[in-house]
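Pasting input09.cif here (mmCIF, C-alpha atoms):
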data_my_file
loop_
_atom_site.group_PDB
_atom_site.id
_atom_site.type_symbol
_atom_site.label_atom_id
_atom_site.label_comp_id
_atom_site.auth_asym_id
_atom_site.auth_seq_id
_atom_site.Cartn_x
_atom_site.Cartn_y
_atom_site.Cartn_z
ATOM 1 C CA PRO A 95 -24.293 11.042 28.182
ATOM 2 C CA LEU A 96 -25.153 7.979 30.272
ATOM 3 C CA SER A 97 -22.880 5.574 28.422
ATOM 4 C CA PHE A 98 -20.209 3.582 30.183
ATOM 5 C CA TRP A 99 -17.354 5.560 28.600
ATOM 6 C CA SER A 100 -18.712 9.008 29.435
ATOM 7 C CA THR A 101 -19.398 7.906 33.000
ATOM 8 C CA LEU A 102 -15.897 6.468 33.283
ATOM 9 C CA ILE A 103 -14.327 9.669 31.934
ATOM 10 C CA VAL A 104 -16.316 11.829 34.361
ATOM 11 C CA THR A 105 -15.335 9.533 37.241
ATOM 12 C CA VAL A 106 -11.645 9.674 36.302
ATOM 13 C CA VAL A 107 -11.768 13.491 35.979
ATOM 14 C CA TRP A 108 -13.623 13.595 39.331
ATOM 15 C CA THR A 109 -10.972 11.443 41.013
ATOM 16 C CA VAL A 110 -7.953 13.253 39.553
ATOM 17 C CA SER A 111 -9.294 16.751 40.269
ATOM 18 C CA ASN A 112 -10.189 15.822 43.841
ATOM 19 C CA LEU A 113 -6.845 14.148 44.485
ATOM 20 C CA VAL A 114 -4.914 17.146 43.198
ATOM 21 C CA LEU A 115 -6.904 19.405 45.520
ATOM 22 C CA HIS A 116 -6.726 17.003 48.493
ATOM 23 C CA VAL A 117 -2.976 16.550 48.283
ATOM 24 C CA SER A 118 -2.058 20.148 47.457
ATOM 25 C CA LEU A 119 -4.321 21.653 50.120
ATOM 26 C CA GLY A 120 -3.357 19.010 52.693
ATOM 27 C CA VAL A 121 0.376 19.468 52.113
ATOM 28 C CA ALA A 122 0.104 23.275 52.094
ATOM 29 C CA LEU A 123 -1.824 23.359 55.365
ATOM 30 C CA ALA A 124 0.512 20.812 56.975
ATOM 31 C CA MET A 125 3.540 22.862 55.952
ATOM 32 C CA LEU A 126 1.911 25.933 57.455
ATOM 33 C CA LEU A 127 0.796 24.206 60.666
ATOM 34 C CA ARG A 128 4.242 22.821 61.430
ATOM 35 C CA GLU A 129 5.721 26.301 61.694
ATOM 36 C CA PRO A 130 6.503 27.210 65.323
ATOM 37 C CA TRP A 131 5.588 30.889 64.870
ATOM 38 C CA ILE A 132 1.892 30.072 64.395
ATOM 39 C CA ARG A 133 -0.007 30.564 67.619
ATOM 40 C CA MET A 134 -2.691 28.068 68.673
ATOM 41 C CA ARG A 135 -1.490 25.421 66.204
ATOM 42 C CA GLY A 136 -3.308 22.733 68.167
ATOM 43 C CA VAL A 137 -6.612 24.555 67.849
ATOM 44 C CA PHE A 138 -6.148 24.994 64.099
ATOM 45 C CA ARG A 139 -5.174 21.352 63.686
ATOM 46 C CA ALA A 140 -8.257 20.206 65.566
ATOM 47 C CA ALA A 141 -10.534 22.566 63.636
ATOM 48 C CA LEU A 142 -9.120 21.445 60.298
ATOM 49 C CA ILE A 143 -9.638 17.767 61.151
ATOM 50 C CA LEU A 144 -13.353 18.317 61.879
ATOM 51 C CA PRO A 145 -14.510 18.000 58.233
ATOM 52 C CA TRP A 146 -13.018 14.511 58.180
ATOM 53 C CA ALA A 147 -14.841 13.552 61.399
ATOM 54 C CA VAL A 148 -18.307 14.497 60.131
ATOM 55 C CA PRO A 149 -20.030 11.716 58.142
ATOM 56 C CA SER A 150 -19.850 12.378 54.402
ATOM 57 C CA TYR A 151 -23.616 12.143 53.930
ATOM 58 C CA ILE A 152 -24.204 14.886 56.520
ATOM 59 C CA THR A 153 -21.500 17.039 54.918
ATOM 60 C CA ALA A 154 -23.072 16.542 51.484
ATOM 61 C CA LEU A 155 -26.440 17.723 52.836
ATOM 62 C CA ILE A 156 -24.880 20.775 54.504
ATOM 63 C CA TRP A 157 -23.006 21.783 51.336
ATOM 64 C CA LYS A 158 -26.126 21.163 49.240
ATOM 65 C CA GLY A 159 -27.883 23.748 51.402
ATOM 66 C CA MET A 160 -24.940 26.130 51.097
ATOM 67 C CA PHE A 161 -25.157 25.886 47.290
ATOM 68 C CA HIS A 162 -28.930 26.525 47.228
ATOM 69 C CA ARG A 163 -29.745 29.174 44.606
ATOM 70 C CA GLN A 164 -32.021 31.337 46.754
ATOM 71 C CA PHE A 165 -31.034 30.671 50.367
ATOM 72 C CA GLY A 166 -27.484 29.307 50.129
ATOM 73 C CA ALA A 167 -24.478 30.910 51.777
ATOM 74 C CA ILE A 168 -22.340 30.646 48.640
ATOM 75 C CA ASN A 169 -24.798 32.678 46.569
ATOM 76 C CA ALA A 170 -25.217 35.140 49.451
ATOM 77 C CA ILE A 171 -21.473 35.762 49.309
ATOM 78 C CA LEU A 172 -21.599 36.140 45.522
ATOM 79 C CA VAL A 173 -24.470 38.636 45.776
ATOM 80 C CA ALA A 174 -22.603 40.572 48.488
ATOM 81 C CA LEU A 175 -19.645 40.791 46.099
ATOM 82 C CA GLY A 176 -21.901 42.134 43.351
ATOM 83 C CA ALA A 177 -22.244 38.955 41.294
ATOM 84 C CA GLU A 178 -25.387 37.169 40.212
ATOM 85 C CA PRO A 179 -26.552 34.081 42.101
ATOM 86 C CA VAL A 180 -25.693 30.795 40.404
ATOM 87 C CA SER A 181 -27.992 27.818 39.944
ATOM 88 C CA TRP A 182 -25.307 25.389 41.078
ATOM 89 C CA PHE A 183 -27.198 22.226 40.195
ATOM 90 C CA GLY A 184 -28.658 23.584 36.957
ATOM 91 C CA SER A 185 -25.832 22.465 34.666
ATOM 92 C CA PHE A 186 -23.217 19.750 34.634
ATOM 93 C CA ALA A 187 -20.252 22.128 34.970
ATOM 94 C CA THR A 188 -21.538 24.013 38.007
ATOM 95 C CA ALA A 189 -22.832 20.841 39.678
ATOM 96 C CA PHE A 190 -19.447 19.198 39.103
ATOM 97 C CA ALA A 191 -17.666 22.216 40.601
ATOM 98 C CA ALA A 192 -19.990 22.201 43.620
ATOM 99 C CA ASN A 193 -19.421 18.492 44.175
ATOM 100 C CA VAL A 194 -15.645 18.817 43.805
ATOM 101 C CA THR A 195 -15.721 21.623 46.374
ATOM 102 C CA THR A 196 -17.739 19.473 48.775
ATOM 103 C CA ASN A 197 -15.498 16.446 48.350
ATOM 104 C CA THR A 198 -12.362 18.569 48.701
ATOM 105 C CA TRP A 199 -13.730 19.750 52.039
ATOM 106 C CA LEU A 200 -14.156 16.103 53.025
ATOM 107 C CA GLY A 201 -10.766 14.875 51.824
ATOM 108 C CA PHE A 202 -8.057 17.414 52.573
ATOM 109 C CA PRO A 203 -7.904 16.707 56.353
ATOM 110 C CA PHE A 204 -6.721 13.141 55.747
ATOM 111 C CA MET A 205 -3.857 14.298 53.556
ATOM 112 C CA MET A 206 -3.040 17.053 56.048
ATOM 113 C CA VAL A 207 -2.809 14.577 58.939
ATOM 114 C CA VAL A 208 -0.644 12.168 56.934
ATOM 115 C CA THR A 209 1.643 15.009 55.861
ATOM 116 C CA LEU A 210 1.897 16.418 59.387
ATOM 117 C CA GLY A 211 2.965 13.006 60.651
ATOM 118 C CA ALA A 212 5.527 12.610 57.892
ATOM 119 C CA LEU A 213 6.886 16.127 58.410
ATOM 120 C CA GLN A 214 7.697 15.326 62.021
ATOM 121 C CA SER A 215 10.111 12.631 60.858
ATOM 122 C CA ILE A 216 12.046 15.059 58.627
ATOM 123 C CA PRO A 217 14.954 16.665 60.485
ATOM 124 C CA ARG A 218 14.865 20.452 60.260
ATOM 125 C CA GLU A 219 18.648 20.374 59.881
ATOM 126 C CA LEU A 220 18.269 19.126 56.302
ATOM 127 C CA GLU A 221 16.207 22.155 55.332
ATOM 128 C CA GLU A 222 18.511 24.482 57.256
ATOM 129 C CA ALA A 223 21.532 23.039 55.429
ATOM 130 C CA ALA A 224 19.812 23.610 52.078
ATOM 131 C CA GLU A 225 18.999 27.175 53.141
ATOM 132 C CA VAL A 226 22.631 27.793 54.075
ATOM 133 C CA ASP A 227 23.611 26.448 50.637
ATOM 134 C CA GLY A 228 21.433 29.148 49.094
ATOM 135 C CA ALA A 229 18.256 27.192 48.311
ATOM 136 C CA GLY A 230 15.081 29.244 48.343
ATOM 137 C CA TRP A 231 11.794 28.129 49.859
ATOM 138 C CA TRP A 232 10.573 26.383 46.692
ATOM 139 C CA ASP A 233 13.904 24.618 46.110
ATOM 140 C CA ARG A 234 14.013 23.393 49.710
ATOM 141 C CA PHE A 235 10.478 22.078 49.390
ATOM 142 C CA ARG A 236 11.023 20.475 45.971
ATOM 143 C CA HIS A 237 14.455 18.916 46.592
ATOM 144 C CA VAL A 238 14.418 18.177 50.330
ATOM 145 C CA THR A 239 10.924 18.047 51.836
ATOM 146 C CA LEU A 240 8.868 16.561 48.998
ATOM 147 C CA PRO A 241 11.184 13.592 48.328
ATOM 148 C CA LEU A 242 11.102 12.762 52.035
ATOM 149 C CA LEU A 243 7.291 13.059 52.067
ATOM 150 C CA LYS A 244 6.796 10.701 49.121
ATOM 151 C CA PRO A 245 6.967 7.450 51.141
ATOM 152 C CA ALA A 246 4.028 8.651 53.245
ATOM 153 C CA LEU A 247 2.112 10.453 50.506
ATOM 154 C CA LEU A 248 2.158 7.625 47.957
ATOM 155 C CA PRO A 249 0.065 5.140 49.994
ATOM 156 C CA ALA A 250 -2.157 7.992 51.217
ATOM 157 C CA THR A 251 -2.761 9.112 47.634
ATOM 158 C CA ILE A 252 -3.584 5.564 46.527
ATOM 159 C CA LEU A 253 -6.004 5.199 49.424
ATOM 160 C CA GLY A 254 -7.483 8.633 48.695
ATOM 161 C CA SER A 255 -7.982 7.727 45.040
ATOM 162 C CA VAL A 256 -9.893 4.583 45.987
ATOM 163 C CA TRP A 257 -12.056 6.520 48.435
ATOM 164 C CA THR A 258 -12.694 9.321 45.956
ATOM 165 C CA PHE A 259 -13.417 6.975 43.057
ATOM 166 C CA ASN A 260 -16.107 5.334 45.193
ATOM 167 C CA GLN A 261 -17.527 8.518 46.729
ATOM 168 C CA PHE A 262 -21.193 8.233 45.826
ATOM 169 C CA ASN A 263 -22.567 10.140 48.824
ATOM 170 C CA VAL A 264 -21.456 13.484 47.424
#

For this file, produce the structure as structure tokens.
Amino acid sequence: PLSFWSTLIVTVVWTVSNLVLHVSLGVALAMLLREPWIRMRGVFRAALILPWAVPSYITALIWKGMFHRQFGAINAILVALGAEPVSWFGSFATAFAANVTTNTWLGFPFMMVVTLGALQSIPRELEEAAEVDGAGWWDRFRHVTLPLLKPALLPATILGSVWTFNQFNV
């Protein structure tokens, strides 16, 4: 289990799973926060950037406490829902899931900020024209918004993969 190849495979799975969560959560929240009907968008944007502002070592310690078997908030929620508490660091699978959760918390704000910036450069008229042509929400996103986000998301994803691949604090 401590060979080079198993460590490399775990690191690649770690990086890919975190990047998928970072990008998907960041893009989803950015799409939501650009909508004018959401009240207090500025407050939500500031609150969602906070995980990125806290040093990763401090965040790792906080989440480690939240995943504590006896006193952690995550197990308290599980017990309140009628489930058994989980020993999060007792097996590889649960420890991996806990660490992916922690690193997702650390990484999605960056992708959200990049996406919010890129979304501001996309004219709403393009999406409105696609809507008039009969495109649904998913088609507008897939054929209009996402292609226009790619020039901003590609370098951000490469940078995020380097950061995640080297994330030893978590």

* Starting from the point (-4.3, 9.7, 42.6), work out which residues of protein, DNA or RNA have an atom no more than 12 Å away when counting only C-alpha atoms; state them as a list in words. => Val106, Val107, Trp108, Thr109, Val110, Ser111, Asn112, Leu113, Val114, Leu115, His116, Val117, Ser118, Met205, Leu247, Leu248, Pro249, Ala250, Thr251, Ile252, Leu253, Gly254, Ser255, Val256, Trp257, Thr258 and Phe259 of chain A

Once you have the residues from the selection above, write them out as an mmCIF file, in the frame of the given file, restricted to C-alpha atoms.
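This went into result.cif:
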data_model
loop_
_atom_site.group_PDB
_atom_site.id
_atom_site.type_symbol
_atom_site.label_atom_id
_atom_site.label_comp_id
_atom_site.auth_asym_id
_atom_site.auth_seq_id
_atom_site.Cartn_x
_atom_site.Cartn_y
_atom_site.Cartn_z
ATOM 1 C CA VAL A 106 -11.645 9.674 36.302
ATOM 2 C CA VAL A 107 -11.768 13.491 35.979
ATOM 3 C CA TRP A 108 -13.623 13.595 39.331
ATOM 4 C CA THR A 109 -10.972 11.443 41.013
ATOM 5 C CA VAL A 110 -7.953 13.253 39.553
ATOM 6 C CA SER A 111 -9.294 16.751 40.269
ATOM 7 C CA ASN A 112 -10.189 15.822 43.841
ATOM 8 C CA LEU A 113 -6.845 14.148 44.485
ATOM 9 C CA VAL A 114 -4.914 17.146 43.198
ATOM 10 C CA LEU A 115 -6.904 19.405 45.520
ATOM 11 C CA HIS A 116 -6.726 17.003 48.493
ATOM 12 C CA VAL A 117 -2.976 16.550 48.283
ATOM 13 C CA SER A 118 -2.058 20.148 47.457
ATOM 14 C CA MET A 205 -3.857 14.298 53.556
ATOM 15 C CA LEU A 247 2.112 10.453 50.506
ATOM 16 C CA LEU A 248 2.158 7.625 47.957
ATOM 17 C CA PRO A 249 0.065 5.140 49.994
ATOM 18 C CA ALA A 250 -2.157 7.992 51.217
ATOM 19 C CA THR A 251 -2.761 9.112 47.634
ATOM 20 C CA ILE A 252 -3.584 5.564 46.527
ATOM 21 C CA LEU A 253 -6.004 5.199 49.424
ATOM 22 C CA GLY A 254 -7.483 8.633 48.695
ATOM 23 C CA SER A 255 -7.982 7.727 45.040
ATOM 24 C CA VAL A 256 -9.893 4.583 45.987
ATOM 25 C CA TRP A 257 -12.056 6.520 48.435
ATOM 26 C CA THR A 258 -12.694 9.321 45.956
ATOM 27 C CA PHE A 259 -13.417 6.975 43.057
#

Name the residues that the PyMOL selection byres ((chain A and resi 189-191) around 12) pulls out of this structure, and write them as a PDB file with C-alpha atoms, in the coordinates of the input.
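Okay, this is what ended up in selection-v8.pdb:
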ATOM      1  CA  VAL A 104     -16.316  11.829  34.361  1.00  0.00           C
ATOM      2  CA  THR A 105     -15.335   9.533  37.241  1.00  0.00           C
ATOM      3  CA  VAL A 107     -11.768  13.491  35.979  1.00  0.00           C
ATOM      4  CA  TRP A 108     -13.623  13.595  39.331  1.00  0.00           C
ATOM      5  CA  THR A 109     -10.972  11.443  41.013  1.00  0.00           C
ATOM      6  CA  SER A 111      -9.294  16.751  40.269  1.00  0.00           C
ATOM      7  CA  ASN A 112     -10.189  15.822  43.841  1.00  0.00           C
ATOM      8  CA  TRP A 157     -23.006  21.783  51.336  1.00  0.00           C
ATOM      9  CA  LYS A 158     -26.126  21.163  49.240  1.00  0.00           C
ATOM     10  CA  PHE A 161     -25.157  25.886  47.290  1.00  0.00           C
ATOM     11  CA  HIS A 162     -28.930  26.525  47.228  1.00  0.00           C
ATOM     12  CA  ARG A 163     -29.745  29.174  44.606  1.00  0.00           C
ATOM     13  CA  VAL A 180     -25.693  30.795  40.404  1.00  0.00           C
ATOM     14  CA  SER A 181     -27.992  27.818  39.944  1.00  0.00           C
ATOM     15  CA  TRP A 182     -25.307  25.389  41.078  1.00  0.00           C
ATOM     16  CA  PHE A 183     -27.198  22.226  40.195  1.00  0.00           C
ATOM     17  CA  GLY A 184     -28.658  23.584  36.957  1.00  0.00           C
ATOM     18  CA  SER A 185     -25.832  22.465  34.666  1.00  0.00           C
ATOM     19  CA  PHE A 186     -23.217  19.750  34.634  1.00  0.00           C
ATOM     20  CA  ALA A 187     -20.252  22.128  34.970  1.00  0.00           C
ATOM     21  CA  THR A 188     -21.538  24.013  38.007  1.00  0.00           C
ATOM     22  CA  ALA A 192     -19.990  22.201  43.620  1.00  0.00           C
ATOM     23  CA  ASN A 193     -19.421  18.492  44.175  1.00  0.00           C
ATOM     24  CA  VAL A 194     -15.645  18.817  43.805  1.00  0.00           C
ATOM     25  CA  THR A 195     -15.721  21.623  46.374  1.00  0.00           C
ATOM     26  CA  THR A 196     -17.739  19.473  48.775  1.00  0.00           C
ATOM     27  CA  ASN A 197     -15.498  16.446  48.350  1.00  0.00           C
ATOM     28  CA  THR A 198     -12.362  18.569  48.701  1.00  0.00           C
ATOM     29  CA  VAL A 264     -21.456  13.484  47.424  1.00  0.00           C
TER      30      VAL A 264
END

* Just so the selection is clear, what residues does the PyMOL selection byres ((chain A and resi 138) around 12) cover here, as a ChimeraX atom specification? -> /A:123-124,126-128,132-137,139-144,203,206

* To do: Could you tell me how far CA of Tyr151 in chain A lies from CA of Phe202 in chain A, in Å and to one decimal?
  =>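 A separation of 16.5 Å between them.
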
* To do: Can you work out the spacing between CA of Leu220 in chain A and CA of Val238 in chain A in Å, to one decimal?
  =>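 Interatomic distance, CA of Leu220 in chain A to CA of Val238 in chain A: 7.2 Å.
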
* To do: Report the distance between CA of Asn169 in chain A and CA of Trp199 in chain A in Å, rounded to one decimal place.
  => 17.9 Å

* Asked: Residues picked by the PyMOL selection byres ((chain A and resi 245) around 12) here, as an MDAnalysis selection string?
  -> chainID A and resid 208:209 211:213 215:216 239:244 246:252

* Using all atoms listed in the file, which of A:Asn260, A:Gln164, A:Gln214, A:Thr153 sits nearest Leu102 in chain A? ->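 Between A:Asn260, A:Gln164, A:Gln214, A:Thr153, the residue approaching Leu102 in chain A most closely is A:Asn260.
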
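Proximity to Trp146 in chain A was assessed for A:Val121, A:Ala223, A:Leu200, A:Leu96 counting all atoms listed in the file; the smallest distance is recorded for A:Leu200.
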
If you keep N, CA and C atoms, can you output range 138-170 of chain A as a PDB file, in the first residue's frame?
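Output file out.pdb is given in full below:
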ATOM      1  N   PHE A 138     -23.531  37.061   0.203  1.00  0.00           N
ATOM      2  CA  PHE A 138     -23.290  35.659  -0.112  1.00  0.00           C
ATOM      3  C   PHE A 138     -21.936  35.464  -0.782  1.00  0.00           C
ATOM      4  N   ARG A 139     -21.590  36.367  -1.682  1.00  0.00           N
ATOM      5  CA  ARG A 139     -20.284  36.269  -2.343  1.00  0.00           C
ATOM      6  C   ARG A 139     -19.161  36.380  -1.329  1.00  0.00           C
ATOM      7  N   ALA A 140     -19.268  37.333  -0.434  1.00  0.00           N
ATOM      8  CA  ALA A 140     -18.226  37.499   0.591  1.00  0.00           C
ATOM      9  C   ALA A 140     -18.156  36.285   1.515  1.00  0.00           C
ATOM     10  N   ALA A 141     -19.306  35.770   1.913  1.00  0.00           N
ATOM     11  CA  ALA A 141     -19.325  34.609   2.808  1.00  0.00           C
ATOM     12  C   ALA A 141     -18.755  33.366   2.125  1.00  0.00           C
ATOM     13  N   LEU A 142     -19.012  33.217   0.839  1.00  0.00           N
ATOM     14  CA  LEU A 142     -18.518  32.047   0.128  1.00  0.00           C
ATOM     15  C   LEU A 142     -17.038  32.137  -0.230  1.00  0.00           C
ATOM     16  N   ILE A 143     -16.461  33.322  -0.152  1.00  0.00           N
ATOM     17  CA  ILE A 143     -15.027  33.481  -0.395  1.00  0.00           C
ATOM     18  C   ILE A 143     -14.228  33.210   0.887  1.00  0.00           C
ATOM     19  N   LEU A 144     -14.874  33.303   2.039  1.00  0.00           N
ATOM     20  CA  LEU A 144     -14.169  33.112   3.315  1.00  0.00           C
ATOM     21  C   LEU A 144     -13.380  31.807   3.423  1.00  0.00           C
ATOM     22  N   PRO A 145     -13.897  30.653   2.971  1.00  0.00           N
ATOM     23  CA  PRO A 145     -13.078  29.439   3.092  1.00  0.00           C
ATOM     24  C   PRO A 145     -11.736  29.535   2.378  1.00  0.00           C
ATOM     25  N   TRP A 146     -11.686  30.316   1.318  1.00  0.00           N
ATOM     26  CA  TRP A 146     -10.447  30.489   0.567  1.00  0.00           C
ATOM     27  C   TRP A 146      -9.477  31.400   1.321  1.00  0.00           C
ATOM     28  N   ALA A 147     -10.008  32.309   2.143  1.00  0.00           N
ATOM     29  CA  ALA A 147      -9.176  33.266   2.866  1.00  0.00           C
ATOM     30  C   ALA A 147      -8.533  32.665   4.113  1.00  0.00           C
ATOM     31  N   VAL A 148      -9.125  31.622   4.662  1.00  0.00           N
ATOM     32  CA  VAL A 148      -8.583  30.992   5.863  1.00  0.00           C
ATOM     33  C   VAL A 148      -7.427  30.085   5.456  1.00  0.00           C
ATOM     34  N   PRO A 149      -6.301  30.129   6.170  1.00  0.00           N
ATOM     35  CA  PRO A 149      -5.174  29.250   5.824  1.00  0.00           C
ATOM     36  C   PRO A 149      -5.584  27.777   5.841  1.00  0.00           C
ATOM     37  N   SER A 150      -5.059  27.018   4.890  1.00  0.00           N
ATOM     38  CA  SER A 150      -5.487  25.625   4.719  1.00  0.00           C
ATOM     39  C   SER A 150      -5.177  24.776   5.948  1.00  0.00           C
ATOM     40  N   TYR A 151      -4.100  25.057   6.641  1.00  0.00           N
ATOM     41  CA  TYR A 151      -3.773  24.271   7.831  1.00  0.00           C
ATOM     42  C   TYR A 151      -4.831  24.472   8.921  1.00  0.00           C
ATOM     43  N   ILE A 152      -5.276  25.700   9.101  1.00  0.00           N
ATOM     44  CA  ILE A 152      -6.314  26.001  10.095  1.00  0.00           C
ATOM     45  C   ILE A 152      -7.623  25.312   9.688  1.00  0.00           C
ATOM     46  N   THR A 153      -7.964  25.390   8.408  1.00  0.00           N
ATOM     47  CA  THR A 153      -9.177  24.730   7.928  1.00  0.00           C
ATOM     48  C   THR A 153      -9.107  23.226   8.141  1.00  0.00           C
ATOM     49  N   ALA A 154      -7.941  22.634   7.877  1.00  0.00           N
ATOM     50  CA  ALA A 154      -7.782  21.188   8.078  1.00  0.00           C
ATOM     51  C   ALA A 154      -7.999  20.821   9.545  1.00  0.00           C
ATOM     52  N   LEU A 155      -7.490  21.634  10.458  1.00  0.00           N
ATOM     53  CA  LEU A 155      -7.696  21.365  11.890  1.00  0.00           C
ATOM     54  C   LEU A 155      -9.159  21.508  12.285  1.00  0.00           C
ATOM     55  N   ILE A 156      -9.833  22.504  11.757  1.00  0.00           N
ATOM     56  CA  ILE A 156     -11.260  22.706  12.065  1.00  0.00           C
ATOM     57  C   ILE A 156     -12.074  21.522  11.569  1.00  0.00           C
ATOM     58  N   TRP A 157     -11.846  21.107  10.309  1.00  0.00           N
ATOM     59  CA  TRP A 157     -12.601  19.980   9.754  1.00  0.00           C
ATOM     60  C   TRP A 157     -12.246  18.679  10.453  1.00  0.00           C
ATOM     61  N   LYS A 158     -10.992  18.538  10.903  1.00  0.00           N
ATOM     62  CA  LYS A 158     -10.625  17.336  11.654  1.00  0.00           C
ATOM     63  C   LYS A 158     -11.473  17.249  12.924  1.00  0.00           C
ATOM     64  N   GLY A 159     -11.665  18.373  13.587  1.00  0.00           N
ATOM     65  CA  GLY A 159     -12.528  18.397  14.768  1.00  0.00           C
ATOM     66  C   GLY A 159     -13.979  18.116  14.419  1.00  0.00           C
ATOM     67  N   MET A 160     -14.430  18.609  13.274  1.00  0.00           N
ATOM     68  CA  MET A 160     -15.820  18.364  12.871  1.00  0.00           C
ATOM     69  C   MET A 160     -16.061  16.898  12.541  1.00  0.00           C
ATOM     70  N   PHE A 161     -15.019  16.183  12.106  1.00  0.00           N
ATOM     71  CA  PHE A 161     -15.142  14.762  11.790  1.00  0.00           C
ATOM     72  C   PHE A 161     -14.809  13.859  12.974  1.00  0.00           C
ATOM     73  N   HIS A 162     -14.582  14.419  14.150  1.00  0.00           N
ATOM     74  CA  HIS A 162     -14.267  13.613  15.334  1.00  0.00           C
ATOM     75  C   HIS A 162     -15.420  12.655  15.622  1.00  0.00           C
ATOM     76  N   ARG A 163     -15.096  11.412  15.962  1.00  0.00           N
ATOM     77  CA  ARG A 163     -16.128  10.381  16.136  1.00  0.00           C
ATOM     78  C   ARG A 163     -17.094  10.714  17.271  1.00  0.00           C
ATOM     79  N   GLN A 164     -16.579  11.178  18.397  1.00  0.00           N
ATOM     80  CA  GLN A 164     -17.443  11.385  19.561  1.00  0.00           C
ATOM     81  C   GLN A 164     -17.992  12.811  19.650  1.00  0.00           C
ATOM     82  N   PHE A 165     -17.170  13.799  19.362  1.00  0.00           N
ATOM     83  CA  PHE A 165     -17.564  15.186  19.591  1.00  0.00           C
ATOM     84  C   PHE A 165     -17.758  16.010  18.319  1.00  0.00           C
ATOM     85  N   GLY A 166     -17.605  15.402  17.153  1.00  0.00           N
ATOM     86  CA  GLY A 166     -17.659  16.146  15.905  1.00  0.00           C
ATOM     87  C   GLY A 166     -19.064  16.519  15.470  1.00  0.00           C
ATOM     88  N   ALA A 167     -19.154  17.635  14.773  1.00  0.00           N
ATOM     89  CA  ALA A 167     -20.449  18.135  14.299  1.00  0.00           C
ATOM     90  C   ALA A 167     -21.050  17.228  13.224  1.00  0.00           C
ATOM     91  N   ILE A 168     -20.215  16.631  12.397  1.00  0.00           N
ATOM     92  CA  ILE A 168     -20.727  15.769  11.331  1.00  0.00           C
ATOM     93  C   ILE A 168     -21.434  14.556  11.932  1.00  0.00           C
ATOM     94  N   ASN A 169     -20.803  13.912  12.910  1.00  0.00           N
ATOM     95  CA  ASN A 169     -21.442  12.768  13.554  1.00  0.00           C
ATOM     96  C   ASN A 169     -22.661  13.189  14.377  1.00  0.00           C
ATOM     97  N   ALA A 170     -22.643  14.388  14.935  1.00  0.00           N
ATOM     98  CA  ALA A 170     -23.819  14.874  15.664  1.00  0.00           C
ATOM     99  C   ALA A 170     -25.014  15.001  14.722  1.00  0.00           C
TER     100      ALA A 170
END
